[in-house]
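First the structure, in the form of structure tokens, and then the observations on it.
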Amino acid sequence: MTQYKDDLYDLIHSLTKAEKRYFKLFASTGENRYVQLFEVVNTVKIYNKKLLEKRLKNANLLDNLVANKNYLYGLILRSLRQFSEGKNIDSQIKILVDNAKILRKKKLYDKSYNQIKKAKNLAIRYEKLSLGLEILDQERELSQVISLNDDPLNVKLNQENEEMTEDFIRKKENQHLYFKLMSEIRGKGHKVYSQKSEGMEKFSEFLEHPLHTDINKALTLLAKQQFYVNRLHCFFYLRAYKAYHQDAIASVQLWENIEKDILMEYQHAYQTSLYNLILHELYFVDQATFLNSLERFKNILNQKHFKDSHPTVFIKSYGIEMHYWSSVGQLKKAMEVLEKSIHLFKKYEADCSIRNLVTATLSIARTYFYNDDMENASIWIDKLLMDYSNSQRKDILVVANTMRLLIYYEMNDTHLMEYLSRSIYRFTKRRKNLYDTPIIIGKYIKKLCEIEEEEDKRELYIKLKDALKEVYQRTHEKSILQAFDFIAWVDSKLEKKSLVDIFRIRAEKNPKSLMS
């Protein structure tokens, strides 16, 4: 059962190694008690309230605990602000603006104005529009103090304000359209929007909006990015795969054709665009094109100026490569990538987000499962479900719970089948309008455990396959199939072959793409 975690625990366990090291240095002078409290909370890797209280008691830290935890929480946030100061464009702009305010209070108006101009130039270059509008207001006020009768300057400021305001409004309009549609989808459930009904009409209407028909109406780099994000989402649900591929390529080219320093600032957006292209090519284009794009993606790991993206790129690139080699029956290559992946997992684990760690852990567990190593698959699935049970990736948690059921089934450990089947059912039902795949598999696995005759089992496997094929007609359920190929597992039972052999036969019949 998931236990409630307090705010301090969540914050401490979200820190990277570098951030934890910096905090200890930051708080080492006169804050030893809070460093001690930090260390105790940090040692509890899987949240357990009783264990945490016991360790706090042993360290004599229970006195004034609530007040001390609140103070420590604020202290960590202060250290994080100082740790990241000047490391990104937003921070650099805010430092310049703060400098300008200090200099203005000292009545050093010329010096203050120089700081404001530097901040404005950064805001314009890197499209920090909301900051830019605030800076323009301050520049206008300072200009009145410095040059009351400088009409050309006032005209220039008015023009800049109008241009930036127009850019800001257009960008927000595009974002508003996206969030409005996503809010409606989440409100009614993905199932409504994965069938040819009201959802399909909504996506078609969305694409016909004037802001989604002409890229030239997107006035800035970020507006163009949002233009492609919005359209790609629609094309996916409409199953317009050719149009999706064209826009995915254009989205990547958008980032690759800009200046290096701007690309550095938005490197995460660039790697997300490239990853979306890779995923699409894996399933809906051809494997040669996919492998070429994958190498481009992995090449980011060799570029020092993309260092901030390295943990995410590792997670995504090695995960999808393991999936690919397993899915085409290339066991040796899949295991080679797996060994490298586990080594890099340990290297980057402290610097990865929970979302990415969930994806990486599933990739490793899936590769072991596909290659019939149920013992190691079980270890990594248990790690995923124990360490990352609060992840927002509910689709991954659904797949992991379902895989655990299959692992126990494969290992003939049937005494937990009833419990696991009920657990999957409860997990899914608690999340309205989520997925049918785990419920279907849980129902059939329960039945399979109750019979012994091979012919009867074969009949159930056929029914299970038919049920899964029907449910995978829904677009949102395909994310489950892409995360783990449950149909291939059923085929392995029907054909009495290993999963690797099933994948190899598939690849020989359809050499272009995994979903051809």
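Residue numbers start at 1 in each chain; chains themselves are named A, B, ... in the order of the structure tokens; ligands are numbered from 1 in the order shown.
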
Neighbour list for Asp6 of chain A as a PyMOL selection string, cut-off 10 Å, only C-alpha atoms, skip fewer than 6 positions in-chain: chain A and resi 47+49+69

Within 10 Å of Glu349 of chain A using only C-alpha atoms, minus same-chain residues under 6 positions, as number ranges by chain: A: 16-17, 311, 315, 356-357, 360

If you keep N, CA, C and O atoms, can you produce a file of those selected residues as a PDB file, in the first residue's frame?
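Writing the result to result.pdb gives the following:
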ATOM      1  N   THR A  16      19.618  15.850  -6.455  1.00  0.00           N
ATOM      2  CA  THR A  16      20.716  15.115  -7.082  1.00  0.00           C
ATOM      3  C   THR A  16      21.888  15.043  -6.095  1.00  0.00           C
ATOM      4  O   THR A  16      21.902  15.727  -5.059  1.00  0.00           O
ATOM      5  N   LYS A  17      22.876  14.221  -6.423  1.00  0.00           N
ATOM      6  CA  LYS A  17      24.069  14.121  -5.570  1.00  0.00           C
ATOM      7  C   LYS A  17      24.750  15.472  -5.421  1.00  0.00           C
ATOM      8  O   LYS A  17      25.181  15.850  -4.329  1.00  0.00           O
ATOM      9  N   PRO A 311      21.385  12.580 -18.607  1.00  0.00           N
ATOM     10  CA  PRO A 311      20.604  11.540 -17.909  1.00  0.00           C
ATOM     11  C   PRO A 311      19.337  11.155 -18.664  1.00  0.00           C
ATOM     12  O   PRO A 311      19.022   9.970 -18.802  1.00  0.00           O
ATOM     13  N   ILE A 315      18.444   7.483 -20.549  1.00  0.00           N
ATOM     14  CA  ILE A 315      17.250   6.709 -20.199  1.00  0.00           C
ATOM     15  C   ILE A 315      16.456   6.358 -21.447  1.00  0.00           C
ATOM     16  O   ILE A 315      16.071   5.201 -21.675  1.00  0.00           O
ATOM     17  N   ASN A 356      11.753   9.529 -15.398  1.00  0.00           N
ATOM     18  CA  ASN A 356      12.712   8.839 -16.262  1.00  0.00           C
ATOM     19  C   ASN A 356      13.235   7.547 -15.633  1.00  0.00           C
ATOM     20  O   ASN A 356      13.504   6.568 -16.344  1.00  0.00           O
ATOM     21  N   LEU A 357      13.369   7.531 -14.313  1.00  0.00           N
ATOM     22  CA  LEU A 357      13.819   6.309 -13.643  1.00  0.00           C
ATOM     23  C   LEU A 357      12.785   5.195 -13.795  1.00  0.00           C
ATOM     24  O   LEU A 357      13.136   4.025 -13.958  1.00  0.00           O
ATOM     25  N   ALA A 360      13.277   3.818 -17.271  1.00  0.00           N
ATOM     26  CA  ALA A 360      14.512   3.017 -17.370  1.00  0.00           C
ATOM     27  C   ALA A 360      14.351   1.670 -16.695  1.00  0.00           C
ATOM     28  O   ALA A 360      14.770   0.636 -17.234  1.00  0.00           O
TER      29      ALA A 360
END

Selection near segment 327-330 of chain A, 7 Å with only C-alpha atoms, sequence-local residues under 6 positions removed, as a list in words: Val500, Asp501, Phe503, Arg504 and Ala507 of chain A

Residue set, segment 122-160 of chain A restricted to alpha helix (DSSP H), as a ChimeraX atom specification: /A:122-125,129-146,151-160

Option closest in space to Val337 of chain A, from A:Asp214, A:Arg355, A:Ser363, A:Asn276 [counting only C-alpha atoms]: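 Going through A:Asp214, A:Arg355, A:Ser363, A:Asn276 one by one, the smallest distance to Val337 of chain A is for A:Ser363.
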
Neighbour list for Asn114 of chain A as a ChimeraX atom specification, cut-off 12 Å, only C-alpha atoms, skip fewer than 3 positions in-chain: /A:96-97,99-101,103-104,108-111,117-121,138-139,142-143,146

Could the residues in this selection be saved with N, CA, C and O atoms as a PDB file, in the first residue's frame?
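Final output, saved to part-v7.pdb:
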ATOM      1  N   LEU A  96      20.353  40.321 -13.143  1.00  0.00           N
ATOM      2  CA  LEU A  96      20.523  41.656 -13.738  1.00  0.00           C
ATOM      3  C   LEU A  96      19.419  42.606 -13.281  1.00  0.00           C
ATOM      4  O   LEU A  96      19.680  43.785 -12.981  1.00  0.00           O
ATOM      5  N   VAL A  97      18.178  42.122 -13.232  1.00  0.00           N
ATOM      6  CA  VAL A  97      17.055  42.965 -12.793  1.00  0.00           C
ATOM      7  C   VAL A  97      17.221  43.353 -11.325  1.00  0.00           C
ATOM      8  O   VAL A  97      16.991  44.513 -10.951  1.00  0.00           O
ATOM      9  N   ASN A  99      20.055  43.560  -9.725  1.00  0.00           N
ATOM     10  CA  ASN A  99      21.151  44.539  -9.693  1.00  0.00           C
ATOM     11  C   ASN A  99      20.643  45.926 -10.055  1.00  0.00           C
ATOM     12  O   ASN A  99      21.038  46.931  -9.434  1.00  0.00           O
ATOM     13  N   ALA A 100      19.780  45.976 -11.071  1.00  0.00           N
ATOM     14  CA  ALA A 100      19.233  47.268 -11.515  1.00  0.00           C
ATOM     15  C   ALA A 100      18.424  47.929 -10.403  1.00  0.00           C
ATOM     16  O   ALA A 100      18.503  49.148 -10.197  1.00  0.00           O
ATOM     17  N   LYS A 101      17.647  47.123  -9.677  1.00  0.00           N
ATOM     18  CA  LYS A 101      16.835  47.677  -8.580  1.00  0.00           C
ATOM     19  C   LYS A 101      17.720  48.237  -7.464  1.00  0.00           C
ATOM     20  O   LYS A 101      17.442  49.304  -6.901  1.00  0.00           O
ATOM     21  N   LEU A 103      20.860  49.333  -7.737  1.00  0.00           N
ATOM     22  CA  LEU A 103      21.534  50.534  -8.228  1.00  0.00           C
ATOM     23  C   LEU A 103      20.575  51.716  -8.314  1.00  0.00           C
ATOM     24  O   LEU A 103      20.962  52.869  -8.071  1.00  0.00           O
ATOM     25  N   ARG A 104      19.316  51.429  -8.633  1.00  0.00           N
ATOM     26  CA  ARG A 104      18.334  52.522  -8.703  1.00  0.00           C
ATOM     27  C   ARG A 104      18.076  53.111  -7.318  1.00  0.00           C
ATOM     28  O   ARG A 104      17.942  54.332  -7.161  1.00  0.00           O
ATOM     29  N   LEU A 108      21.953  55.507  -8.659  1.00  0.00           N
ATOM     30  CA  LEU A 108      22.933  55.344  -9.740  1.00  0.00           C
ATOM     31  C   LEU A 108      22.168  54.927 -10.994  1.00  0.00           C
ATOM     32  O   LEU A 108      22.215  53.783 -11.452  1.00  0.00           O
ATOM     33  N   TYR A 109      21.419  55.866 -11.549  1.00  0.00           N
ATOM     34  CA  TYR A 109      20.434  55.565 -12.585  1.00  0.00           C
ATOM     35  C   TYR A 109      21.063  55.056 -13.880  1.00  0.00           C
ATOM     36  O   TYR A 109      20.532  54.141 -14.525  1.00  0.00           O
ATOM     37  N   ASP A 110      22.191  55.661 -14.275  1.00  0.00           N
ATOM     38  CA  ASP A 110      22.843  55.207 -15.513  1.00  0.00           C
ATOM     39  C   ASP A 110      23.293  53.757 -15.399  1.00  0.00           C
ATOM     40  O   ASP A 110      23.131  52.961 -16.333  1.00  0.00           O
ATOM     41  N   LYS A 111      23.898  53.441 -14.246  1.00  0.00           N
ATOM     42  CA  LYS A 111      24.355  52.069 -14.024  1.00  0.00           C
ATOM     43  C   LYS A 111      23.179  51.093 -13.983  1.00  0.00           C
ATOM     44  O   LYS A 111      23.235  49.979 -14.513  1.00  0.00           O
ATOM     45  N   LYS A 117      19.138  47.115 -19.643  1.00  0.00           N
ATOM     46  CA  LYS A 117      19.302  46.877 -21.083  1.00  0.00           C
ATOM     47  C   LYS A 117      19.901  45.493 -21.347  1.00  0.00           C
ATOM     48  O   LYS A 117      19.492  44.798 -22.277  1.00  0.00           O
ATOM     49  N   LYS A 118      20.868  45.099 -20.514  1.00  0.00           N
ATOM     50  CA  LYS A 118      21.446  43.760 -20.661  1.00  0.00           C
ATOM     51  C   LYS A 118      20.379  42.679 -20.423  1.00  0.00           C
ATOM     52  O   LYS A 118      20.304  41.689 -21.152  1.00  0.00           O
ATOM     53  N   ALA A 119      19.564  42.901 -19.398  1.00  0.00           N
ATOM     54  CA  ALA A 119      18.496  41.947 -19.090  1.00  0.00           C
ATOM     55  C   ALA A 119      17.492  41.879 -20.242  1.00  0.00           C
ATOM     56  O   ALA A 119      17.045  40.786 -20.624  1.00  0.00           O
ATOM     57  N   LYS A 120      17.163  43.027 -20.822  1.00  0.00           N
ATOM     58  CA  LYS A 120      16.194  43.056 -21.921  1.00  0.00           C
ATOM     59  C   LYS A 120      16.742  42.329 -23.150  1.00  0.00           C
ATOM     60  O   LYS A 120      16.021  41.567 -23.808  1.00  0.00           O
ATOM     61  N   ASN A 121      18.015  42.541 -23.440  1.00  0.00           N
ATOM     62  CA  ASN A 121      18.613  41.873 -24.608  1.00  0.00           C
ATOM     63  C   ASN A 121      18.578  40.350 -24.455  1.00  0.00           C
ATOM     64  O   ASN A 121      18.308  39.627 -25.423  1.00  0.00           O
ATOM     65  N   GLN A 138      10.143  48.508 -16.407  1.00  0.00           N
ATOM     66  CA  GLN A 138      11.190  49.131 -15.603  1.00  0.00           C
ATOM     67  C   GLN A 138      12.057  50.066 -16.449  1.00  0.00           C
ATOM     68  O   GLN A 138      12.472  51.137 -15.988  1.00  0.00           O
ATOM     69  N   GLU A 139      12.336  49.663 -17.676  1.00  0.00           N
ATOM     70  CA  GLU A 139      13.134  50.510 -18.561  1.00  0.00           C
ATOM     71  C   GLU A 139      12.402  51.815 -18.849  1.00  0.00           C
ATOM     72  O   GLU A 139      13.016  52.891 -18.896  1.00  0.00           O
ATOM     73  N   LEU A 142      12.732  54.037 -15.803  1.00  0.00           N
ATOM     74  CA  LEU A 142      14.082  54.589 -15.696  1.00  0.00           C
ATOM     75  C   LEU A 142      14.342  55.651 -16.754  1.00  0.00           C
ATOM     76  O   LEU A 142      15.022  56.655 -16.503  1.00  0.00           O
ATOM     77  N   SER A 143      13.814  55.434 -17.947  1.00  0.00           N
ATOM     78  CA  SER A 143      14.021  56.402 -19.025  1.00  0.00           C
ATOM     79  C   SER A 143      13.418  57.747 -18.678  1.00  0.00           C
ATOM     80  O   SER A 143      13.936  58.801 -19.071  1.00  0.00           O
ATOM     81  N   ILE A 146      15.920  59.397 -16.371  1.00  0.00           N
ATOM     82  CA  ILE A 146      17.187  59.781 -17.012  1.00  0.00           C
ATOM     83  C   ILE A 146      16.971  60.811 -18.108  1.00  0.00           C
ATOM     84  O   ILE A 146      17.697  61.803 -18.205  1.00  0.00           O
TER      85      ILE A 146
END

Using only C-alpha atoms: which of A:Thr272, A:Ser389, A:Ser183, A:Asn161 has the shortest distance to Val229 of chain A: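 For Val229 of chain A, the nearest of the given residues is A:Thr272.
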
Leu80 of chain A surroundings by only C-alpha atoms, 9 Å radius, close-in-sequence under 3 positions cut, as a count of residues only: 9

Selection near Met335 of chain A, 10 Å with only C-alpha atoms, sequence-local residues under 6 positions removed, as a PyMOL selection string: chain A and resi 322+325-326+341+364+367-368+371

Spatial neighbours of Lys383 of chain A, 12 Å, only C-alpha atoms, chain gap at least 5 places, as a ChimeraX atom specification: /A:45-46,357-358,360-362,364-365,376-378,388-389,397,400-401,404

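The smallest atom-to-atom distance between Arg125 of chain A and any of A:Ile262, A:Leu52, A:Val155, A:Ile502, using only C-alpha atoms, is found for A:Ile262.
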
Among listed residues A:Leu133, A:Leu25, A:Ala67, A:Val145, nearest Lys107 of chain A (using only C-alpha atoms):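 Nearest candidate to Lys107 of chain A out of A:Leu133, A:Leu25, A:Ala67, A:Val145: A:Val145.
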
Computed interatomic separation between atom CA of Tyr461 of chain A and atom CA of Asp395 of chain A (Å):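 Here the two named atoms are 23.7 Å from each other.
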